[in-house]
Number of protein chains: 2
Amino acid sequence: MMSAQAPEGYDKYAFEPFAVTVDLAVFTVRDGRLHVLLVERGQDPYAGAWALPGGFVLPRESAGQAARRELAEETGLSDEVVASLHLEQLRTYSDPDRDPRMRVVSVAYTALVPDLPEPRGGGDAAQARWLPVGSYDRLAFDHERILADARERIGAKLEYTCLATSFCPPEFTLGELRQVYETVWGTTLDRPNFRRKVLATPGFVEPVAGAARLTGGRGKPAALYRAGGATALHPPLLRPEGKPS
Amino acid sequence: MMSAQAPEGYDKYAFEPFAVTVDLAVFTVRDGRLHVLLVERGQDPYAGAWALPGGFVLPRESAGQAARRELAEETGLSDEVVASLHLEQLRTYSDPDRDPRMRVVSVAYTALVPDLPEPRGGGDAAQARWLPVGSYDRLAFDHERILADARERIGAKLEYTCLATSFCPPEFTLGELRQVYETVWGTTLDRPNFRRKVLATPGFVEPVAGAARLTGGRGKPAALYRAGGATALHPPLLRPEGKPS
DNA sequence: GCAAAAGTGTTCTAGTTACACCCATGC
DNA sequence: GCATGGGTGTAACTAGAACACTTTTGC
């Protein structure tokens, strides 16, 4: 924002121009692994490297609007679906040398989506793909850092919000919901305690009457639930501390 | 960040230029009230209104560096002191119409400082002043919103970090530390329980051997403490829920 | 029957809450 | 003395952790 100290008759073009972009860290859980949506760069710098999807903020849109627009373009999802997704501003990355070409300030966003069909190419040339986190060599620019920040953020968010249901299809079992936590946190959780905790939080999930589904091929069919209306998780569901998977 | 889909031979000046600024929400506790550092605007828009201090990000600095530079200018604190302060990126505000003059994207930062001497004018014309939160009519631009977000953030931060000591002078009593929590949260806390909680958290505070100080003019002199090395507060110190002051 | 996954019950304990109570100081 | 704020003690309550156990399915 212009402060009171800004020069009086300033000139819009007096400064070296800043480009403002958005970067998206979009996660999903597939086959019990955390996946992130990436695009392959076709040109230098970082030609051939994977990068987070993103793009310029247009002159008449906010960064949040730009993020939703880019997400719709990259995933091929309908506007209504994209509008209903949970998109959260992560933070802004502004190191002067983060892009060698020019001064680019990027507002990063995070989204959690259920396991989607492989994204169609969208309007752009480069194909967007879901890749397991850690399965790539190196990300372009400072995207490695952004992705790490995003992982940390969603891990923390699961503790005190009901956001985990965003990773799930419309109807899901408590086992699937638990797997979301275990995948994101890289831990195992006590099944009985997890169940009680979730059911004891009003509005976290609501049962689908009479419905049940087999999960692993064997075992007792699990009851189905839908996401409830609650967003906060009080008291929080804390991840175990020094506990590896 | 430039995505893989960015136009190839792009022109730095092809877009309407974005200005990138920082805004600062700097808090202190004075006389048991939460104060925020504000500057009075001398020119339109919002001439005469109070605004958060801030300014342009220079071509060769990051937003965080700009925030520290502006903070030093506004408060008149030495560079070493400013370098040691806790400055945290809050979020970025990018509504296209948030500044009527041009497109300004602002990265907001929050800082917590102990009760400082009234800031000297700094290099700039407008005087910066500490004002109790809520004691002004209206803030310029979307600064009301930024300030509200900043308050919420620091309130939450006190719950699970040891950051409250940033509001205190180098040596402080547990009563003063408790008052920080009560002021920011607008609640009262049980004194004995607060004391135990703080002392039971390793590294939150460390005693200053033998030192004591009278606080309210009356009463038993209180032992003095210094901030410890810990940053996280495990388990957290949760604010009471439906409890007014 | 056996393995696997869902679902229920129970015990133990750390952490918090809500108090009552004593101590040291200024007026 | 008495008001004021610092400091200690303690009983009740709550949420969570750990783990045994039952149920329902596929093979």
# chains A, B, ... in the order shown; residues from 1 in each chain; ligands from 1

call {"tool": "calpha_fit_rmsd", "arguments": {"fixed": "chain B", "moving": "chain A"}}
result
0.1 Å

call {"tool": "residues_around", "arguments": {"residues": "DA18 in chain C", "least_positions_apart": "2", "cutoff": "10 Å", "atoms": "only C-alpha atoms (C1' of nucleotides)", "output": "compact mmCIF listing (two decimals) with N, CA and C atoms (P, O5', C5', C4', C3', O3' and C1' of nucleotides), in the first residue's frame"}}
result
# COMPACT_ATOMS: atom_id res chain seq x y z
N ASP B 190 -6.53 -17.07 35.08
CA ASP B 190 -6.29 -17.46 36.46
C ASP B 190 -4.79 -17.32 36.76
N ASN B 193 -2.71 -20.52 37.86
CA ASN B 193 -2.57 -21.49 36.77
C ASN B 193 -1.66 -20.96 35.66
P DT C 16 -2.04 -27.79 29.83
O5' DT C 16 -3.45 -27.24 30.33
C5' DT C 16 -4.64 -27.76 29.72
C4' DT C 16 -5.78 -27.69 30.70
C3' DT C 16 -5.98 -26.31 31.33
O3' DT C 16 -7.20 -25.79 30.85
C1' DT C 16 -6.27 -28.08 32.90
P DA C 20 -13.12 -20.33 47.28
O5' DA C 20 -12.08 -20.92 48.35
C5' DA C 20 -12.08 -22.31 48.64
C4' DA C 20 -10.81 -22.65 49.42
C3' DA C 20 -10.48 -21.64 50.53
O3' DA C 20 -10.05 -22.32 51.70
C1' DA C 20 -8.66 -21.81 49.03
P DA D 11 -6.15 -32.86 48.10
O5' DA D 11 -7.68 -33.05 47.71
C5' DA D 11 -8.63 -32.04 48.07
C4' DA D 11 -9.60 -31.81 46.92
C3' DA D 11 -10.08 -33.09 46.23
O3' DA D 11 -11.48 -33.00 46.03
C1' DA D 11 -9.15 -31.62 44.62
P DA D 12 -12.31 -34.14 45.35
O5' DA D 12 -12.64 -33.54 43.91
C5' DA D 12 -13.48 -32.39 43.83
C4' DA D 12 -13.70 -32.05 42.37
C3' DA D 12 -14.25 -33.21 41.53
O3' DA D 12 -15.30 -32.71 40.72
C1' DA D 12 -12.22 -32.40 40.58

call {"tool": "interface_residues", "arguments": {"of": "chain C", "to": "chain A", "cutoff": "7 Å", "atoms": "only C-alpha atoms (C1' of nucleotides)", "output": "ChimeraX atom specification"}}
result
/C:4-6

call {"tool": "closest_residue", "arguments": {"among": "B:Ser135, B:Gln65, B:Ser84, B:Ser106", "to": "chain A", "atoms": "only C-alpha atoms"}}
result
B:Ser106

call {"tool": "atom_distance", "arguments": {"atom1": "CA of Pro17 in chain A", "atom2": "CA of Ala140 in chain A"}}
result
22.4 Å

call {"tool": "interface_residues", "arguments": {"of": "chain D", "to": "chain B", "cutoff": "10 Å", "atoms": "only C-alpha atoms (C1' of nucleotides)", "output": "ChimeraX atom specification"}}
result
/D:3-8

call {"tool": "atom_distance", "arguments": {"atom1": "CA of Pro132 in chain B", "atom2": "CA of Thr28 in chain B"}}
result
9.2 Å

call {"tool": "atom_distance", "arguments": {"atom1": "CA of Gln127 in chain A", "atom2": "CA of Leu85 in chain A"}}
result
21.5 Å

call {"tool": "select_by_dssp", "arguments": {"residues": "range 2-159 of chain B", "states": "strand (DSSP E)", "output": "MDAnalysis selection string"}}
result
chainID B and resid 19:30 33:40 50:51 54:56 87:93 104:112 128:132

call {"tool": "closest_residue", "arguments": {"among": "A:Ala111, A:Ala200, A:Val104, A:Ala25", "to": "chain B", "atoms": "only C-alpha atoms"}}
result
A:Val104

call {"tool": "residues_around", "arguments": {"residues": "range 29-32 of chain A", "least_positions_apart": "2", "cutoff": "8 Å", "atoms": "only C-alpha atoms (C1' of nucleotides)", "output": "ChimeraX atom specification"}}
result
/A:27,34-35,114-115,167,179-180,183

call {"tool": "residues_around", "arguments": {"residues": "Val57 in chain B", "least_positions_apart": "4", "cutoff": "10 Å", "atoms": "only C-alpha atoms (C1' of nucleotides)", "output": "CSV table (one decimal) with C-alpha atoms, in the first residue's frame"}}
result
chain,number,residue,atom,x,y,z
A,1,MET,CA,0.0,0.0,0.0
A,18,PHE,CA,7.1,-5.8,-10.8
A,94,SER,CA,9.5,-11.9,-3.2
B,19,ALA,CA,3.3,-1.5,-7.5
B,20,VAL,CA,4.4,-3.8,-4.7
B,21,THR,CA,4.4,-2.4,-1.1
B,22,VAL,CA,4.6,-3.5,2.4
B,61,GLU,CA,15.1,-5.9,-1.8
B,62,SER,CA,12.6,-8.6,-0.7
B,63,ALA,CA,9.3,-7.7,0.9
B,64,GLY,CA,10.7,-8.8,4.3
B,65,GLN,CA,13.7,-6.5,3.9
B,66,ALA,CA,11.4,-3.6,2.9
B,67,ALA,CA,9.3,-4.3,6.0
B,69,ARG,CA,13.6,-1.0,6.6
B,70,GLU,CA,10.3,0.8,7.0
B,106,SER,CA,0.7,-5.1,-0.6
B,107,VAL,CA,2.4,-7.7,1.5

call {"tool": "closest_residue", "arguments": {"among": "A:Leu163, A:Ala156, A:Val184, A:Val105", "to": "Val36 in chain A", "atoms": "only C-alpha atoms"}}
result
A:Val184

call {"tool": "select_by_dssp", "arguments": {"residues": "range 98-180 of chain B", "states": "alpha helix (DSSP H)", "output": "list in words"}}
result
His143, Glu144, Arg145, Ile146, Leu147, Ala148, Asp149, Ala150, Arg151, Glu152, Arg153, Ile154, Gly155, Ala156, Lys157, Leu158, Glu159, Tyr160, Leu174, Gly175, Glu176, Leu177, Arg178, Gln179 and Val180 of chain B

call {"tool": "closest_residue", "arguments": {"among": "A:Glu182, A:Glu206, A:Glu152, A:Glu241", "to": "chain B", "atoms": "only C-alpha atoms"}}
result
A:Glu241
